[in-house]
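Data first, discussion second: the structure below is written as structure tokens.
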Amino acid sequence: MNDTLDPARRAAQVARAAAFAGLHTPASPLALANAWDVASARLVEAAGGAAVATTSAGVAWSLGAPDGDALARDRVLDLVSRVAAAVSVPVTADIEGGFGADPAGVAETVAGVLAAGAVGINIEDGDRAPADHAERLAAARAAAETAGIPLYVNARVDTYLFGLGGPGGRLDETLRRAAAYLEAGATGIFVPGVTDPATVAELAKGIGAPLNVLVGPGAPSVAELGALGVARVSLGSWVATAAYAVVRRAAEEMLREGTYTSLAGSLPYGELNALLKG
């Protein structure tokens, strides 16, 4: 798909990809307040975000599907294309498990992501065998090389998030998977489900690539995580769930109490509308 790009557009995308990769440093971790549509992406950029990352859960929910590889690939790619066209900063797309039944399917997804204008992906292993996931990562890397764009492949390791294996061996298993995924072509490693400083420091020490962690209320600050060696910090679906919590609170208050106080502090209509006109 990307072989239809004209030279100027390809060069611009290569430059964005290089800039995005350069944002991953513990000295000043890349902070990502994940978006799920054009409006949330524009808000993140306007707030000073150096990049925009989509959240697969938020995207799926906004399109009427559950998270977990239930959404059709073309709907995801359409959303990524809209977001990438709406912002001037690099965009990285969460493609869940790759939206493909096999490595060839993952390669097709990655070609579509690049054609949509994104320069990074998140791809998760879940309960998939590590060797199988490594093949999918290799296919993603090959697709990016064919397109001539240095795609940032953020390989998600779900050992902590899903509690895979015994607690005593979870760190070693995570490091084994990380090494295999990097060998297969990943650029960085994402380990959600863990924020305790001791474990995070061990992960950063043992992984020979930028480490990404998932944060939320109660997690260490971005600066504190950077001091531990973390290069990328993501809010994941937290922003989307917070937004939907406002919907539920407002609806329940209005229907049960007949009042509207939960809407205090909303963005001014004119401000949000103007942002989308830009």
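Lettering and numbering for the structure tokens are positional, with chains as A, B, ... in the shown order, residues counted from 1 in each chain, and ligands counted from 1 in the shown order.
Look at Ala223 in chain A: the protein and nucleic acid residues within 12 Å of it, using only C-alpha atoms and passing over chain neighbours fewer than 5 places away, are Thr25, Pro26, Ala27, Ser28, Pro29, Leu30, Ala31, Leu228, Gly229, Val230, Ala231, Arg232 and Val233 of chain A.
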Dump C-alpha atoms for the selected residues as a PDB file, in the first residue's frame?
ATOM      1  CA  THR A  25      14.542   8.430  26.467  1.00  0.00           C
ATOM      2  CA  PRO A  26      14.566   8.009  30.261  1.00  0.00           C
ATOM      3  CA  ALA A  27      16.022  11.505  30.527  1.00  0.00           C
ATOM      4  CA  SER A  28      12.623  12.836  29.438  1.00  0.00           C
ATOM      5  CA  PRO A  29      10.188   9.942  28.922  1.00  0.00           C
ATOM      6  CA  LEU A  30       7.656  10.149  26.142  1.00  0.00           C
ATOM      7  CA  ALA A  31       4.328  10.807  27.895  1.00  0.00           C
ATOM      8  CA  LEU A 228      14.100   4.147  37.008  1.00  0.00           C
ATOM      9  CA  GLY A 229      15.006   3.826  33.325  1.00  0.00           C
ATOM     10  CA  VAL A 230      11.573   4.034  31.681  1.00  0.00           C
ATOM     11  CA  ALA A 231      11.566   5.729  28.280  1.00  0.00           C
ATOM     12  CA  ARG A 232       7.831   5.817  27.532  1.00  0.00           C
ATOM     13  CA  VAL A 233       4.779   6.224  29.781  1.00  0.00           C
TER      14      VAL A 233
END
If we count only C-alpha atoms and set the cut-off at 12 Å, which residues sit around Pro217 in chain A, ignoring sequence neighbours fewer than 6 positions away in its own chain? Please answer as an MDAnalysis selection string. chainID A and resid 195 235 238:239 242
Taking 4 positions as the minimum chain separation for residues in the same chain, which residues sit within 9 Å of range 197-206 of chain A when counting only C-alpha atoms? Answer as a ChimeraX atom specification. /A:171,174-175,191,210-211,213,220,224-225,227-231
Counting only C-alpha atoms, the residue of A:Val153, A:Val91, A:Ala107, A:Leu276 that sits nearest Ala139 in chain A: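 Selected residue with least distance to Ala139 in chain A: A:Ala107.
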Between A:Ser62, A:Ala251, A:Ile149, A:Val246, which is the closest to Gly265 in chain A once you count only C-alpha atoms?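 That would be A:Val246, the residue with the smallest distance to Gly265 in chain A.
Atom pair CA of Val52 in chain A / CA of Pro192 in chain A has a distance of 18.3 Å (rounded to one decimal).
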Determine which residues of range 74-111 of chain A DSSP labels as strand (DSSP E or B) from the backbone of this structure, then write them out as an mmCIF file with all heavy atoms, in the first residue's frame.
data_model
loop_
_atom_site.group_PDB
_atom_site.id
_atom_site.type_symbol
_atom_site.label_atom_id
_atom_site.label_comp_id
_atom_site.auth_asym_id
_atom_site.auth_seq_id
_atom_site.Cartn_x
_atom_site.Cartn_y
_atom_site.Cartn_z
ATOM 1 N N VAL A 91 2.181 9.820 14.961
ATOM 2 C CA VAL A 91 1.084 8.998 15.472
ATOM 3 C C VAL A 91 1.522 7.538 15.535
ATOM 4 O O VAL A 91 2.137 7.017 14.591
ATOM 5 C CB VAL A 91 -0.167 9.115 14.565
ATOM 6 C CG1 VAL A 91 -1.242 8.103 14.973
ATOM 7 C CG2 VAL A 91 -0.719 10.531 14.611
ATOM 8 N N THR A 92 1.223 6.894 16.651
ATOM 9 C CA THR A 92 1.466 5.463 16.793
ATOM 10 C C THR A 92 0.138 4.784 17.072
ATOM 11 O O THR A 92 -0.669 5.287 17.865
ATOM 12 C CB THR A 92 2.499 5.149 17.895
ATOM 13 O OG1 THR A 92 2.697 3.727 17.965
ATOM 14 C CG2 THR A 92 2.070 5.657 19.245
ATOM 15 N N ALA A 93 -0.108 3.668 16.407
ATOM 16 C CA ALA A 93 -1.409 3.003 16.461
ATOM 17 C C ALA A 93 -1.341 1.704 17.246
ATOM 18 O O ALA A 93 -0.443 0.887 17.036
ATOM 19 C CB ALA A 93 -1.900 2.716 15.041
ATOM 20 N N ASP A 94 -2.299 1.518 18.142
ATOM 21 C CA ASP A 94 -2.439 0.258 18.860
ATOM 22 C C ASP A 94 -3.208 -0.697 17.947
ATOM 23 O O ASP A 94 -4.393 -0.474 17.662
ATOM 24 C CB ASP A 94 -3.196 0.486 20.170
ATOM 25 C CG ASP A 94 -3.226 -0.742 21.057
ATOM 26 O OD1 ASP A 94 -3.108 -1.873 20.531
ATOM 27 O OD2 ASP A 94 -3.385 -0.581 22.280
#
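Closest approach to Val119 in chain A among A:Ala179, A:Ala15, A:Leu164, A:Ala50: A:Ala15, based on only C-alpha atoms.
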Selected residue of minimal separation from Arg10 in chain A among A:Val89, A:Leu263, A:Ala219, A:Ala118, counting only C-alpha atoms: A:Ala118
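Minimum distance to Pro90 in chain A across A:Ser262, A:Asn34, A:Thr146, A:Gln13 (counting only C-alpha atoms) occurs at A:Gln13.
For the pair CA of Glu135 in chain A and CA of Ser81 in chain A, the separation is 26.0 Å.
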Please identify all polymer residues within 12 Å of Glu108 in chain A, counting only C-alpha atoms, omitting same-chain residues fewer than 2 positions from it, and present them as a PyMOL selection string. chain A and resi 1-2+73-74+77+95+98-106+110-115+136+139-144+146-147
If you count only C-alpha atoms, which residues fall within 10 Å of Leu63 in chain A, apart from same-chain ones fewer than 2 positions away, as a compact mmCIF listing (two decimals) with all heavy atoms, in the first residue's frame?
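Okay, this is what ended up in around.txt:
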# COMPACT_ATOMS: atom_id res chain seq x y z
N TRP A 36 -8.56 8.31 21.11
CA TRP A 36 -9.38 7.30 20.44
C TRP A 36 -10.20 7.87 19.28
O TRP A 36 -10.89 7.13 18.59
CB TRP A 36 -10.31 6.63 21.44
CG TRP A 36 -11.30 7.56 22.09
CD1 TRP A 36 -12.59 7.80 21.68
CD2 TRP A 36 -11.08 8.38 23.23
NE1 TRP A 36 -13.18 8.72 22.51
CE2 TRP A 36 -12.28 9.09 23.48
CE3 TRP A 36 -10.00 8.58 24.10
CZ2 TRP A 36 -12.41 9.99 24.54
CZ3 TRP A 36 -10.13 9.48 25.15
CH2 TRP A 36 -11.32 10.16 25.36
N ASP A 37 -10.11 9.17 19.04
CA ASP A 37 -10.77 9.77 17.90
C ASP A 37 -10.04 11.07 17.55
O ASP A 37 -9.05 11.43 18.21
CB ASP A 37 -12.26 10.00 18.14
CG ASP A 37 -12.54 10.95 19.32
OD1 ASP A 37 -11.58 11.57 19.85
OD2 ASP A 37 -13.72 11.07 19.70
N ALA A 57 -8.64 -0.02 23.12
CA ALA A 57 -9.92 -0.13 23.82
C ALA A 57 -10.82 1.06 23.50
O ALA A 57 -11.99 0.90 23.16
CB ALA A 57 -9.68 -0.23 25.32
N GLY A 58 -10.26 2.26 23.60
CA GLY A 58 -11.05 3.46 23.32
C GLY A 58 -11.55 3.49 21.89
O GLY A 58 -12.71 3.85 21.63
N VAL A 59 -10.70 3.11 20.95
CA VAL A 59 -11.11 3.06 19.55
C VAL A 59 -12.25 2.06 19.36
O VAL A 59 -13.27 2.37 18.73
CB VAL A 59 -9.92 2.70 18.64
CG1 VAL A 59 -10.38 2.37 17.23
CG2 VAL A 59 -8.90 3.84 18.61
N ALA A 60 -12.09 0.87 19.92
CA ALA A 60 -13.12 -0.15 19.77
C ALA A 60 -14.44 0.30 20.37
O ALA A 60 -15.51 0.19 19.74
CB ALA A 60 -12.66 -1.45 20.43
N TRP A 61 -14.39 0.84 21.58
CA TRP A 61 -15.63 1.28 22.24
C TRP A 61 -16.31 2.38 21.44
O TRP A 61 -17.54 2.38 21.30
CB TRP A 61 -15.32 1.77 23.65
CG TRP A 61 -14.77 0.71 24.55
CD1 TRP A 61 -14.97 -0.65 24.47
CD2 TRP A 61 -13.88 0.91 25.66
NE1 TRP A 61 -14.29 -1.30 25.47
CE2 TRP A 61 -13.61 -0.37 26.21
CE3 TRP A 61 -13.30 2.03 26.25
CZ2 TRP A 61 -12.77 -0.55 27.32
CZ3 TRP A 61 -12.48 1.86 27.35
CH2 TRP A 61 -12.22 0.59 27.87
N ALA A 65 -17.61 -1.67 19.46
CA ALA A 65 -17.11 -3.04 19.61
C ALA A 65 -16.35 -3.17 20.92
O ALA A 65 -15.85 -2.17 21.46
CB ALA A 65 -16.19 -3.40 18.44
N PRO A 66 -16.23 -4.38 21.45
CA PRO A 66 -15.40 -4.57 22.65
C PRO A 66 -13.93 -4.59 22.27
O PRO A 66 -13.57 -4.82 21.11
CB PRO A 66 -15.85 -5.95 23.16
CG PRO A 66 -16.24 -6.69 21.92
CD PRO A 66 -16.87 -5.64 21.02
N LEU A 71 -12.69 -5.79 16.53
CA LEU A 71 -12.97 -4.76 15.54
C LEU A 71 -12.35 -5.14 14.19
O LEU A 71 -11.24 -5.67 14.14
CB LEU A 71 -12.40 -3.43 16.02
CG LEU A 71 -12.90 -2.15 15.37
CD1 LEU A 71 -14.40 -2.00 15.55
CD2 LEU A 71 -12.18 -0.96 15.99
N ARG A 75 -11.81 -0.73 9.79
CA ARG A 75 -12.35 0.34 10.62
C ARG A 75 -11.25 0.97 11.47
O ARG A 75 -11.24 2.18 11.68
CB ARG A 75 -13.48 -0.20 11.51
CG ARG A 75 -14.64 -0.78 10.73
CD ARG A 75 -15.80 -1.11 11.62
NE ARG A 75 -16.48 0.11 12.06
CZ ARG A 75 -17.37 0.14 13.04
NH1 ARG A 75 -17.66 -0.97 13.72
NH2 ARG A 75 -17.97 1.26 13.38
N VAL A 76 -10.32 0.15 11.94
CA VAL A 76 -9.19 0.67 12.69
C VAL A 76 -8.31 1.54 11.80
O VAL A 76 -7.91 2.64 12.17
CB VAL A 76 -8.36 -0.47 13.30
CG1 VAL A 76 -7.11 0.07 13.97
CG2 VAL A 76 -9.19 -1.28 14.28
N LEU A 79 -9.77 4.92 11.16
CA LEU A 79 -9.61 5.82 12.31
C LEU A 79 -8.18 6.34 12.39
O LEU A 79 -7.96 7.53 12.61
CB LEU A 79 -10.00 5.07 13.59
CG LEU A 79 -10.02 5.82 14.94
CD1 LEU A 79 -8.65 6.01 15.52
CD2 LEU A 79 -10.75 7.14 14.81
